[in-house]
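*Asks:* data14.cif is reproduced in full below (mmCIF, C-alpha atoms and all ligand atoms; chains and numbers go by the auth columns).
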data_data
#
loop_
_atom_site.group_PDB
_atom_site.id
_atom_site.type_symbol
_atom_site.label_atom_id
_atom_site.label_comp_id
_atom_site.label_asym_id
_atom_site.label_seq_id
_atom_site.Cartn_x
_atom_site.Cartn_y
_atom_site.Cartn_z
_atom_site.B_iso_or_equiv
_atom_site.auth_seq_id
_atom_site.auth_asym_id
ATOM 1 C CA MET A 1 0.047 6.594 -27.386 0.00 1 A
ATOM 2 C CA GLN A 2 -1.990 4.196 -25.257 0.00 2 A
ATOM 3 C CA PRO A 3 -2.618 5.472 -21.691 0.00 3 A
ATOM 4 C CA PRO A 4 -0.731 3.326 -19.173 0.00 4 A
ATOM 5 C CA LEU A 5 -2.331 0.949 -16.726 0.00 5 A
ATOM 6 C CA ILE A 6 -2.205 2.459 -13.254 0.00 6 A
ATOM 7 C CA ALA A 7 -1.351 0.252 -10.289 0.00 7 A
ATOM 8 C CA PRO A 8 -1.618 2.218 -7.033 0.00 8 A
ATOM 9 C CA SER A 9 0.711 0.830 -4.379 0.00 9 A
ATOM 10 C CA VAL A 10 -1.285 -0.164 -1.338 0.00 10 A
ATOM 11 C CA LEU A 11 1.869 0.304 0.769 0.00 11 A
ATOM 12 C CA SER A 12 0.999 3.997 0.934 0.00 12 A
ATOM 13 C CA ALA A 13 -2.655 3.405 1.890 0.00 13 A
ATOM 14 C CA ASP A 14 -4.025 4.093 5.361 0.00 14 A
ATOM 15 C CA PHE A 15 -3.886 0.669 7.006 0.00 15 A
ATOM 16 C CA ALA A 16 -6.332 1.710 9.682 0.00 16 A
ATOM 17 C CA ASN A 17 -8.811 2.443 6.888 0.00 17 A
ATOM 18 C CA LEU A 18 -7.825 -0.197 4.379 0.00 18 A
ATOM 19 C CA GLN A 19 -11.369 -1.073 3.328 0.00 19 A
ATOM 20 C CA ARG A 20 -12.148 2.594 2.654 0.00 20 A
ATOM 21 C CA ASP A 21 -8.989 2.990 0.575 0.00 21 A
ATOM 22 C CA ILE A 22 -9.615 -0.196 -1.413 0.00 22 A
ATOM 23 C CA GLU A 23 -13.180 0.897 -2.136 0.00 23 A
ATOM 24 C CA MET A 24 -11.855 4.237 -3.339 0.00 24 A
ATOM 25 C CA LEU A 25 -9.593 2.308 -5.739 0.00 25 A
ATOM 26 C CA ASN A 26 -12.511 0.131 -6.844 0.00 26 A
ATOM 27 C CA ASN A 27 -14.369 3.274 -7.896 0.00 27 A
ATOM 28 C CA SER A 28 -11.367 4.892 -9.551 0.00 28 A
ATOM 29 C CA GLU A 29 -9.592 4.421 -12.881 0.00 29 A
ATOM 30 C CA ALA A 30 -6.981 2.214 -11.190 0.00 30 A
ATOM 31 C CA ASP A 31 -6.366 -0.937 -13.229 0.00 31 A
ATOM 32 C CA TRP A 32 -4.523 -3.134 -10.733 0.00 32 A
ATOM 33 C CA TYR A 33 -3.681 -2.992 -7.040 0.00 33 A
ATOM 34 C CA HIS A 34 0.050 -3.188 -6.408 0.00 34 A
ATOM 35 C CA VAL A 35 0.883 -5.014 -3.199 0.00 35 A
ATOM 36 C CA ASP A 36 4.454 -4.767 -1.861 0.00 36 A
ATOM 37 C CA VAL A 37 5.643 -7.635 0.298 0.00 37 A
ATOM 38 C CA MET A 38 8.966 -7.014 2.063 0.00 38 A
ATOM 39 C CA ASP A 39 10.821 -9.425 4.315 0.00 39 A
ATOM 40 C CA GLY A 40 13.480 -7.286 6.004 0.00 40 A
ATOM 41 C CA LEU A 41 16.183 -9.349 4.248 0.00 41 A
ATOM 42 C CA PHE A 42 15.957 -8.681 0.540 0.00 42 A
ATOM 43 C CA VAL A 43 15.106 -5.093 1.395 0.00 43 A
ATOM 44 C CA PRO A 44 15.760 -3.312 4.696 0.00 44 A
ATOM 45 C CA ASN A 45 12.075 -2.970 5.490 0.00 45 A
ATOM 46 C CA ILE A 46 9.230 -5.256 6.547 0.00 46 A
ATOM 47 C CA SER A 47 5.748 -4.566 5.169 0.00 47 A
ATOM 48 C CA PHE A 48 3.072 -7.233 5.600 0.00 48 A
ATOM 49 C CA GLY A 49 2.165 -10.783 4.721 0.00 49 A
ATOM 50 C CA PHE A 50 -0.770 -13.088 4.094 0.00 50 A
ATOM 51 C CA PRO A 51 -3.367 -11.778 6.572 0.00 51 A
ATOM 52 C CA VAL A 52 -3.186 -8.296 5.075 0.00 52 A
ATOM 53 C CA LEU A 53 -3.180 -9.615 1.509 0.00 53 A
ATOM 54 C CA GLU A 54 -6.271 -11.700 2.294 0.00 54 A
ATOM 55 C CA ALA A 55 -7.958 -8.667 3.836 0.00 55 A
ATOM 56 C CA ILE A 56 -7.236 -6.620 0.712 0.00 56 A
ATOM 57 C CA TYR A 57 -8.469 -9.439 -1.524 0.00 57 A
ATOM 58 C CA LYS A 58 -11.810 -9.492 0.274 0.00 58 A
ATOM 59 C CA HIS A 59 -12.599 -5.979 -0.938 0.00 59 A
ATOM 60 C CA THR A 60 -10.889 -5.750 -4.328 0.00 60 A
ATOM 61 C CA LYS A 61 -12.665 -5.779 -7.667 0.00 61 A
ATOM 62 C CA LYS A 62 -9.488 -5.596 -9.783 0.00 62 A
ATOM 63 C CA PRO A 63 -6.369 -7.748 -10.215 0.00 63 A
ATOM 64 C CA LEU A 64 -3.913 -7.976 -7.334 0.00 64 A
ATOM 65 C CA ASP A 65 -0.391 -7.344 -8.564 0.00 65 A
ATOM 66 C CA VAL A 66 1.885 -8.740 -5.877 0.00 66 A
ATOM 67 C CA HIS A 67 5.509 -7.556 -5.807 0.00 67 A
ATOM 68 C CA LEU A 68 7.638 -9.888 -3.714 0.00 68 A
ATOM 69 C CA MET A 69 10.714 -8.227 -2.262 0.00 69 A
ATOM 70 C CA ILE A 70 11.703 -11.354 -0.393 0.00 70 A
ATOM 71 C CA VAL A 71 14.541 -13.862 -0.566 0.00 71 A
ATOM 72 C CA GLN A 72 13.778 -17.322 -1.990 0.00 72 A
ATOM 73 C CA PRO A 73 10.279 -16.380 -3.147 0.00 73 A
ATOM 74 C CA GLU A 74 9.784 -19.924 -4.484 0.00 74 A
ATOM 75 C CA ARG A 75 8.872 -20.937 -0.927 0.00 75 A
ATOM 76 C CA TYR A 76 5.649 -18.936 -1.013 0.00 76 A
ATOM 77 C CA ILE A 77 4.321 -18.786 -4.592 0.00 77 A
ATOM 78 C CA ALA A 78 1.453 -21.243 -4.066 0.00 78 A
ATOM 79 C CA GLU A 79 0.430 -19.505 -0.860 0.00 79 A
ATOM 80 C CA PHE A 80 0.356 -16.051 -2.459 0.00 80 A
ATOM 81 C CA ALA A 81 -1.776 -17.408 -5.289 0.00 81 A
ATOM 82 C CA ARG A 82 -4.154 -18.925 -2.729 0.00 82 A
ATOM 83 C CA ALA A 83 -4.315 -15.622 -0.842 0.00 83 A
ATOM 84 C CA GLY A 84 -5.617 -13.876 -3.973 0.00 84 A
ATOM 85 C CA ALA A 85 -2.617 -12.772 -6.057 0.00 85 A
ATOM 86 C CA ASN A 86 -3.357 -12.517 -9.793 0.00 86 A
ATOM 87 C CA HIS A 87 0.129 -11.430 -10.801 0.00 87 A
ATOM 88 C CA ILE A 88 3.263 -12.378 -8.901 0.00 88 A
ATOM 89 C CA THR A 89 6.493 -10.509 -9.547 0.00 89 A
ATOM 90 C CA VAL A 90 9.749 -11.821 -8.127 0.00 90 A
ATOM 91 C CA HIS A 91 13.135 -10.151 -8.180 0.00 91 A
ATOM 92 C CA TYR A 92 15.771 -11.411 -10.589 0.00 92 A
ATOM 93 C CA GLU A 93 18.290 -10.751 -7.793 0.00 93 A
ATOM 94 C CA ALA A 94 16.388 -12.978 -5.357 0.00 94 A
ATOM 95 C CA CYS A 95 16.130 -16.089 -7.552 0.00 95 A
ATOM 96 C CA THR A 96 18.967 -18.541 -8.160 0.00 96 A
ATOM 97 C CA HIS A 97 16.756 -20.480 -10.598 0.00 97 A
ATOM 98 C CA LEU A 98 14.537 -17.811 -12.062 0.00 98 A
ATOM 99 C CA PRO A 99 13.008 -19.933 -14.884 0.00 99 A
ATOM 100 C CA ARG A 100 11.817 -22.468 -12.335 0.00 100 A
ATOM 101 C CA VAL A 101 10.180 -19.785 -10.197 0.00 101 A
ATOM 102 C CA LEU A 102 8.482 -18.208 -13.225 0.00 102 A
ATOM 103 C CA THR A 103 7.093 -21.596 -14.224 0.00 103 A
ATOM 104 C CA GLN A 104 5.872 -22.093 -10.664 0.00 104 A
ATOM 105 C CA ILE A 105 4.009 -18.761 -10.866 0.00 105 A
ATOM 106 C CA ARG A 106 2.322 -19.624 -14.148 0.00 106 A
ATOM 107 C CA ASP A 107 1.472 -23.097 -12.883 0.00 107 A
ATOM 108 C CA ALA A 108 -0.230 -21.431 -9.918 0.00 108 A
ATOM 109 C CA GLY A 109 -2.490 -19.645 -12.437 0.00 109 A
ATOM 110 C CA CYS A 110 -0.888 -16.201 -12.135 0.00 110 A
ATOM 111 C CA ARG A 111 0.839 -13.823 -14.508 0.00 111 A
ATOM 112 C CA ALA A 112 4.579 -14.148 -13.981 0.00 112 A
ATOM 113 C CA GLY A 113 6.624 -11.010 -13.434 0.00 113 A
ATOM 114 C CA VAL A 114 10.340 -10.283 -13.027 0.00 114 A
ATOM 115 C CA ALA A 115 11.583 -7.168 -11.259 0.00 115 A
ATOM 116 C CA LEU A 116 15.003 -5.716 -11.981 0.00 116 A
ATOM 117 C CA ASN A 117 16.892 -3.550 -9.540 0.00 117 A
ATOM 118 C CA MET A 118 18.750 -0.563 -10.916 0.00 118 A
ATOM 119 C CA GLN A 119 22.106 -2.367 -11.214 0.00 119 A
ATOM 120 C CA THR A 120 20.690 -5.338 -13.128 0.00 120 A
ATOM 121 C CA PRO A 121 20.929 -4.912 -16.912 0.00 121 A
ATOM 122 C CA VAL A 122 17.892 -5.803 -19.015 0.00 122 A
ATOM 123 C CA GLU A 123 20.014 -8.208 -21.093 0.00 123 A
ATOM 124 C CA VAL A 124 19.759 -10.840 -18.334 0.00 124 A
ATOM 125 C CA LEU A 125 16.245 -11.481 -19.668 0.00 125 A
ATOM 126 C CA THR A 126 17.223 -12.154 -23.290 0.00 126 A
ATOM 127 C CA ASP A 127 17.353 -15.949 -23.089 0.00 127 A
ATOM 128 C CA ILE A 128 14.185 -16.370 -21.043 0.00 128 A
ATOM 129 C CA ALA A 129 11.999 -13.796 -22.788 0.00 129 A
ATOM 130 C CA ASP A 130 9.126 -16.250 -23.297 0.00 130 A
ATOM 131 C CA MET A 131 8.945 -17.155 -19.614 0.00 131 A
ATOM 132 C CA PHE A 132 7.420 -14.016 -18.119 0.00 132 A
ATOM 133 C CA ASP A 133 4.355 -11.842 -18.709 0.00 133 A
ATOM 134 C CA GLN A 134 5.593 -8.600 -17.213 0.00 134 A
ATOM 135 C CA VAL A 135 8.847 -6.913 -16.211 0.00 135 A
ATOM 136 C CA LEU A 136 9.013 -4.398 -13.403 0.00 136 A
ATOM 137 C CA ILE A 137 11.794 -1.863 -13.723 0.00 137 A
ATOM 138 C CA MET A 138 12.686 -0.517 -10.308 0.00 138 A
ATOM 139 C CA THR A 139 13.098 3.208 -10.683 0.00 139 A
ATOM 140 C CA ILE A 140 14.312 3.536 -7.071 0.00 140 A
ATOM 141 C CA ASN A 141 16.173 1.256 -4.650 0.00 141 A
ATOM 142 C CA PRO A 142 13.299 -0.906 -3.386 0.00 142 A
ATOM 143 C CA GLY A 143 12.270 -0.970 0.248 0.00 143 A
ATOM 144 C CA PHE A 144 10.447 2.282 0.841 0.00 144 A
ATOM 145 C CA GLY A 145 7.832 4.486 -0.733 0.00 145 A
ATOM 146 C CA GLY A 146 8.315 8.201 -1.171 0.00 146 A
ATOM 147 C CA GLN A 147 11.727 8.184 -2.908 0.00 147 A
ATOM 148 C CA LYS A 148 12.834 10.066 -6.001 0.00 148 A
ATOM 149 C CA LEU A 149 13.003 8.321 -9.384 0.00 149 A
ATOM 150 C CA MET A 150 16.500 7.611 -10.690 0.00 150 A
ATOM 151 C CA PRO A 151 16.785 9.138 -14.178 0.00 151 A
ATOM 152 C CA LEU A 152 18.863 6.206 -15.494 0.00 152 A
ATOM 153 C CA SER A 153 15.631 4.226 -15.513 0.00 153 A
ATOM 154 C CA ILE A 154 14.422 6.114 -18.571 0.00 154 A
ATOM 155 C CA PRO A 155 17.012 4.733 -21.055 0.00 155 A
ATOM 156 C CA LYS A 156 16.677 1.373 -19.299 0.00 156 A
ATOM 157 C CA VAL A 157 12.971 1.173 -20.095 0.00 157 A
ATOM 158 C CA ARG A 158 13.743 2.092 -23.690 0.00 158 A
ATOM 159 C CA LYS A 159 16.344 -0.661 -23.891 0.00 159 A
ATOM 160 C CA LEU A 160 13.934 -3.195 -22.426 0.00 160 A
ATOM 161 C CA LYS A 161 11.236 -2.213 -24.896 0.00 161 A
ATOM 162 C CA HIS A 162 13.690 -2.867 -27.702 0.00 162 A
ATOM 163 C CA LEU A 163 14.795 -6.181 -26.202 0.00 163 A
ATOM 164 C CA LEU A 164 11.209 -7.402 -25.832 0.00 164 A
ATOM 165 C CA ARG A 165 10.423 -6.392 -29.391 0.00 165 A
ATOM 166 C CA THR A 166 13.456 -8.205 -30.814 0.00 166 A
ATOM 167 C CA THR A 167 12.766 -11.360 -28.807 0.00 167 A
ATOM 168 C CA GLY A 168 9.091 -11.351 -29.831 0.00 168 A
ATOM 169 C CA SER A 169 7.920 -11.064 -26.221 0.00 169 A
ATOM 170 C CA SER A 170 4.582 -9.415 -25.517 0.00 170 A
ATOM 171 C CA ALA A 171 5.395 -8.906 -21.825 0.00 171 A
ATOM 172 C CA LEU A 172 4.267 -5.640 -20.272 0.00 172 A
ATOM 173 C CA ILE A 173 6.791 -3.181 -18.874 0.00 173 A
ATOM 174 C CA GLY A 174 6.142 -1.630 -15.470 0.00 174 A
ATOM 175 C CA VAL A 175 7.899 1.148 -13.589 0.00 175 A
ATOM 176 C CA ASP A 176 7.928 1.309 -9.809 0.00 176 A
ATOM 177 C CA GLY A 177 9.129 4.044 -7.481 0.00 177 A
ATOM 178 C CA GLY A 178 8.955 7.827 -7.438 0.00 178 A
ATOM 179 C CA MET A 179 6.376 7.994 -10.218 0.00 179 A
ATOM 180 C CA THR A 180 4.657 11.387 -10.344 0.00 180 A
ATOM 181 C CA LEU A 181 2.660 13.543 -12.709 0.00 181 A
ATOM 182 C CA ASP A 182 5.951 15.140 -13.786 0.00 182 A
ATOM 183 C CA ASN A 183 7.686 11.969 -14.980 0.00 183 A
ATOM 184 C CA THR A 184 4.958 9.480 -15.914 0.00 184 A
ATOM 185 C CA ALA A 185 4.539 10.732 -19.480 0.00 185 A
ATOM 186 C CA THR A 186 8.293 10.422 -20.070 0.00 186 A
ATOM 187 C CA LEU A 187 8.405 6.846 -18.824 0.00 187 A
ATOM 188 C CA VAL A 188 5.331 5.910 -20.863 0.00 188 A
ATOM 189 C CA GLU A 189 6.926 7.480 -23.902 0.00 189 A
ATOM 190 C CA ALA A 190 10.026 5.349 -23.223 0.00 190 A
ATOM 191 C CA GLY A 191 7.891 2.186 -23.223 0.00 191 A
ATOM 192 C CA ALA A 192 6.220 1.686 -19.838 0.00 192 A
ATOM 193 C CA ASP A 193 2.833 -0.062 -20.050 0.00 193 A
ATOM 194 C CA TYR A 194 1.983 0.121 -16.355 0.00 194 A
ATOM 195 C CA VAL A 195 2.828 2.605 -13.677 0.00 195 A
ATOM 196 C CA VAL A 196 3.044 1.786 -9.975 0.00 196 A
ATOM 197 C CA ALA A 197 2.394 4.802 -7.779 0.00 197 A
ATOM 198 C CA GLY A 198 2.134 5.049 -4.007 0.00 198 A
ATOM 199 C CA THR A 199 2.844 8.495 -2.632 0.00 199 A
ATOM 200 C CA SER A 200 1.569 10.386 -5.650 0.00 200 A
ATOM 201 C CA VAL A 201 -1.807 8.629 -5.300 0.00 201 A
ATOM 202 C CA PHE A 202 -2.370 8.269 -1.559 0.00 202 A
ATOM 203 C CA GLY A 203 -0.548 11.487 -0.673 0.00 203 A
ATOM 204 C CA ALA A 204 -2.850 13.477 -2.957 0.00 204 A
ATOM 205 C CA SER A 205 -5.823 15.353 -1.537 0.00 205 A
ATOM 206 C CA ASN A 206 -8.012 13.527 -4.078 0.00 206 A
ATOM 207 C CA PRO A 207 -6.458 10.103 -4.800 0.00 207 A
ATOM 208 C CA ALA A 208 -9.041 9.108 -7.441 0.00 208 A
ATOM 209 C CA ASP A 209 -8.323 12.307 -9.319 0.00 209 A
ATOM 210 C CA ALA A 210 -4.562 11.701 -8.984 0.00 210 A
ATOM 211 C CA ILE A 211 -5.064 8.278 -10.611 0.00 211 A
ATOM 212 C CA HIS A 212 -7.014 9.896 -13.436 0.00 212 A
ATOM 213 C CA GLN A 213 -4.288 12.476 -13.961 0.00 213 A
ATOM 214 C CA LEU A 214 -1.500 9.890 -13.943 0.00 214 A
ATOM 215 C CA LYS A 215 -3.357 7.805 -16.496 0.00 215 A
ATOM 216 C CA HIS A 216 -3.802 10.744 -18.818 0.00 216 A
ATOM 217 C CA SER A 217 -0.626 12.661 -18.034 0.00 217 A
ATOM 218 C CA LYS A 218 0.683 12.124 -21.565 0.00 218 A
ATOM 219 C CA GLN A 219 -2.226 13.979 -23.048 0.00 219 A
ATOM 220 C CA ILE A 220 -2.048 16.667 -20.370 0.00 220 A
ATOM 221 C CA ASN A 221 1.652 17.271 -21.030 0.00 221 A
ATOM 222 C CA LEU A 222 1.074 17.594 -24.729 0.00 222 A
ATOM 223 C CA ALA A 223 -1.751 20.088 -24.310 0.00 223 A
HETATM 224 C C1 LIG B . 9.129 0.194 -3.099 0.00 301 A
HETATM 225 C C2 LIG B . 7.884 -0.410 -3.655 0.00 301 A
HETATM 226 C C3 LIG B . 7.022 0.552 -4.383 0.00 301 A
HETATM 227 C C4 LIG B . 6.543 1.719 -3.548 0.00 301 A
HETATM 228 C C5 LIG B . 6.298 2.886 -4.461 0.00 301 A
HETATM 229 O O1 LIG B . 10.036 -0.780 -2.775 0.00 301 A
HETATM 230 O O2 LIG B . 8.173 -1.458 -4.552 0.00 301 A
HETATM 231 O O3 LIG B . 5.915 -0.103 -4.996 0.00 301 A
HETATM 232 O O4 LIG B . 5.393 1.430 -2.813 0.00 301 A
HETATM 233 O O5 LIG B . 6.022 3.987 -3.696 0.00 301 A
HETATM 234 P P1 LIG B . 6.201 5.482 -4.270 0.00 301 A
HETATM 235 O O6 LIG B . 5.267 5.616 -5.414 0.00 301 A
HETATM 236 O O7 LIG B . 5.854 6.317 -3.099 0.00 301 A
HETATM 237 O O8 LIG B . 7.644 5.618 -4.697 0.00 301 A
HETATM 238 ZN ZN ZN B . 6.457 -2.324 -5.666 0.00 302 A
#
Write out the structure in this file as structure tokens.
*Replies:*
Amino acid sequence: MQPPLIAPSVLSADFANLQRDIEMLNNSEADWYHVDVMDGLFVPNISFGFPVLEAIYKHTKKPLDVHLMIVQPERYIAEFARAGANHITVHYEACTHLPRVLTQIRDAGCRAGVALNMQTPVEVLTDIADMFDQVLIMTINPGFGGQKLMPLSIPKVRKLKHLLRTTGSSALIGVDGGMTLDNTATLVEAGADYVVAGTSVFGASNPADAIHQLKHSKQINLA
């Protein structure tokens, strides 16, 4: 099995030492940088906006994977693309006209992503399977880092993998929330192509090594 792409979540970085943390990621096996934008409405937390994204962009050498946990994200797609986003993921639950928003994201030159909260079944994507490039399965209730993965996400990822295969979609599957060395291999086995990890990377004594271990946890578990 292919090792997953690893997307460390910058939400758990040290904001007083952001440049240092981004440079650590540049020199690590991280594939993307996951950037969580929260508005205090869609989720009960506020993270950061454009100035911080621009500051991150200045130092990054890898794609910026922006996860918008905001209501009416269509208002800001062009601006996020301008600020350096390479991928923009919006929540299914936050978009009344999801196809239009996904088109907007692609038109802005970014990979289009859809995130699904735990209660949203994967079948909602069936009819629009050619309109997105990645799907982010929330494995926690979004809003905060440091939570525990909900086990129901495992069959959900499996179901999504099947759905994408039957619709002919080549979209990547991501998992976000509570990802650790103990569960990453299981989620990858179920079909996850990329793994978002905050606490298990930045809370580790050696974050670059934690990234390496997450990426190869399948092999480690089998050994
Ligand atoms: C939560 C965010 C996640 C979060 C993951 O709403 O979408 O990306 O940063 O953090 P951990 O890995 O600590 O669960
Ligand atoms: Zn996220």
*Asks:* Given a cut-off of 7 Å, what residues near ligand LIG 301 (chain A) show up using all atoms listed in the file, put as a VMD selection string?
*Replies:* chain A and resid 9 11 to 12 34 36 67 141 to 148 176 to 179 196 to 200
*Asks:* Keeping only C-alpha atoms, write the selected residues to a file as a PDB file, keeping the file's coordinate frame.
*Replies:*
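File written: part21.pdb
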ATOM      1  CA  SER A   9       0.711   0.830  -4.379  1.00  0.00           C
ATOM      2  CA  LEU A  11       1.869   0.304   0.769  1.00  0.00           C
ATOM      3  CA  SER A  12       0.999   3.997   0.934  1.00  0.00           C
ATOM      4  CA  HIS A  34       0.050  -3.188  -6.408  1.00  0.00           C
ATOM      5  CA  ASP A  36       4.454  -4.767  -1.861  1.00  0.00           C
ATOM      6  CA  HIS A  67       5.509  -7.556  -5.807  1.00  0.00           C
ATOM      7  CA  ASN A 141      16.173   1.256  -4.650  1.00  0.00           C
ATOM      8  CA  PRO A 142      13.299  -0.906  -3.386  1.00  0.00           C
ATOM      9  CA  GLY A 143      12.270  -0.970   0.248  1.00  0.00           C
ATOM     10  CA  PHE A 144      10.447   2.282   0.841  1.00  0.00           C
ATOM     11  CA  GLY A 145       7.832   4.486  -0.733  1.00  0.00           C
ATOM     12  CA  GLY A 146       8.315   8.201  -1.171  1.00  0.00           C
ATOM     13  CA  GLN A 147      11.727   8.184  -2.908  1.00  0.00           C
ATOM     14  CA  LYS A 148      12.834  10.066  -6.001  1.00  0.00           C
ATOM     15  CA  ASP A 176       7.928   1.309  -9.809  1.00  0.00           C
ATOM     16  CA  GLY A 177       9.129   4.044  -7.481  1.00  0.00           C
ATOM     17  CA  GLY A 178       8.955   7.827  -7.438  1.00  0.00           C
ATOM     18  CA  MET A 179       6.376   7.994 -10.218  1.00  0.00           C
ATOM     19  CA  VAL A 196       3.044   1.786  -9.975  1.00  0.00           C
ATOM     20  CA  ALA A 197       2.394   4.802  -7.779  1.00  0.00           C
ATOM     21  CA  GLY A 198       2.134   5.049  -4.007  1.00  0.00           C
ATOM     22  CA  THR A 199       2.844   8.495  -2.632  1.00  0.00           C
ATOM     23  CA  SER A 200       1.569  10.386  -5.650  1.00  0.00           C
TER      24      SER A 200
END
*Asks:* Which is closer to ligand ZN 302 (chain A) than all the others in A:Leu181, A:Val66, A:Val114, A:Ala85, using all atoms listed in the file?
*Replies:*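 With all atoms listed in the file as the atom set, the closest residue is A:Val66.
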*Asks:* Taking into account all atoms listed in the file, which residue in the set A:Ile22, A:Met118, A:Ala108, A:Val10 is nearest to ligand ZN 302 (chain A)?
*Replies:*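 Using all atoms listed in the file, ligand ZN 302 (chain A) sits closest to A:Val10.
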*Asks:* Could you list the residues chosen by the PyMOL selection byres (((chain A and resi 217) around 12) and not hetatm) in this structure as a ChimeraX atom specification?
*Replies:* /A:1-6,179-189,195,209-216,218-223
*Asks:* Measuring between only C-alpha atoms and all ligand atoms, which one of A:Arg82, A:Ile137, A:Phe50, A:Val157 shows the shortest distance to ligand ZN 302 (chain A)?
*Replies:* A:Ile137
*Asks:* Can you work out which one of A:Ile70, A:Cys95, A:Val122, A:Leu64 has the shortest atom-to-atom distance to A:Cys110, counting all atoms listed in the file?
*Replies:*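 Closest candidate: A:Leu64.
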*Asks:* Find the distance between atom CA of A:Leu172 and atom CA of A:Asp127 and write it in Å to one decimal.
*Replies:* 16.9 Å
*Asks:* Padding of 5 Å on every side, edges along x, y and z, all listed atoms of stretch 199-202 of chain A included: what centre and edge lengths in Å, to one decimal, does that box have, as lines of an AutoDock Vina configuration file?
*Replies:*
center_x = 0.2
center_y = 9.3
center_z = -3.6
size_x = 15.2
size_y = 12.1
size_z = 14.1
*Asks:* In Å, rounded to a single decimal, give me how far atom CA of A:Lys156 is from atom CA of A:Ala192.
*Replies:* 10.5 Å
*Asks:* Run the PyMOL selection byres (((chain A and resi 162-170) around 9) and not hetatm) against the file shown and list the residues it catches, as number ranges by chain.
*Replies:* A: 122-123, 125-127, 129-130, 132-134, 157-161, 171-172, 191
*Asks:* Using the selection just defined, write its residues with C-alpha atoms as a PDB file, in the frame of the given file.
*Replies:*
ATOM      1  CA  VAL A 122      17.892  -5.803 -19.015  1.00  0.00           C
ATOM      2  CA  GLU A 123      20.014  -8.208 -21.093  1.00  0.00           C
ATOM      3  CA  LEU A 125      16.245 -11.481 -19.668  1.00  0.00           C
ATOM      4  CA  THR A 126      17.223 -12.154 -23.290  1.00  0.00           C
ATOM      5  CA  ASP A 127      17.353 -15.949 -23.089  1.00  0.00           C
ATOM      6  CA  ALA A 129      11.999 -13.796 -22.788  1.00  0.00           C
ATOM      7  CA  ASP A 130       9.126 -16.250 -23.297  1.00  0.00           C
ATOM      8  CA  PHE A 132       7.420 -14.016 -18.119  1.00  0.00           C
ATOM      9  CA  ASP A 133       4.355 -11.842 -18.709  1.00  0.00           C
ATOM     10  CA  GLN A 134       5.593  -8.600 -17.213  1.00  0.00           C
ATOM     11  CA  VAL A 157      12.971   1.173 -20.095  1.00  0.00           C
ATOM     12  CA  ARG A 158      13.743   2.092 -23.690  1.00  0.00           C
ATOM     13  CA  LYS A 159      16.344  -0.661 -23.891  1.00  0.00           C
ATOM     14  CA  LEU A 160      13.934  -3.195 -22.426  1.00  0.00           C
ATOM     15  CA  LYS A 161      11.236  -2.213 -24.896  1.00  0.00           C
ATOM     16  CA  ALA A 171       5.395  -8.906 -21.825  1.00  0.00           C
ATOM     17  CA  LEU A 172       4.267  -5.640 -20.272  1.00  0.00           C
ATOM     18  CA  GLY A 191       7.891   2.186 -23.223  1.00  0.00           C
TER      19      GLY A 191
END
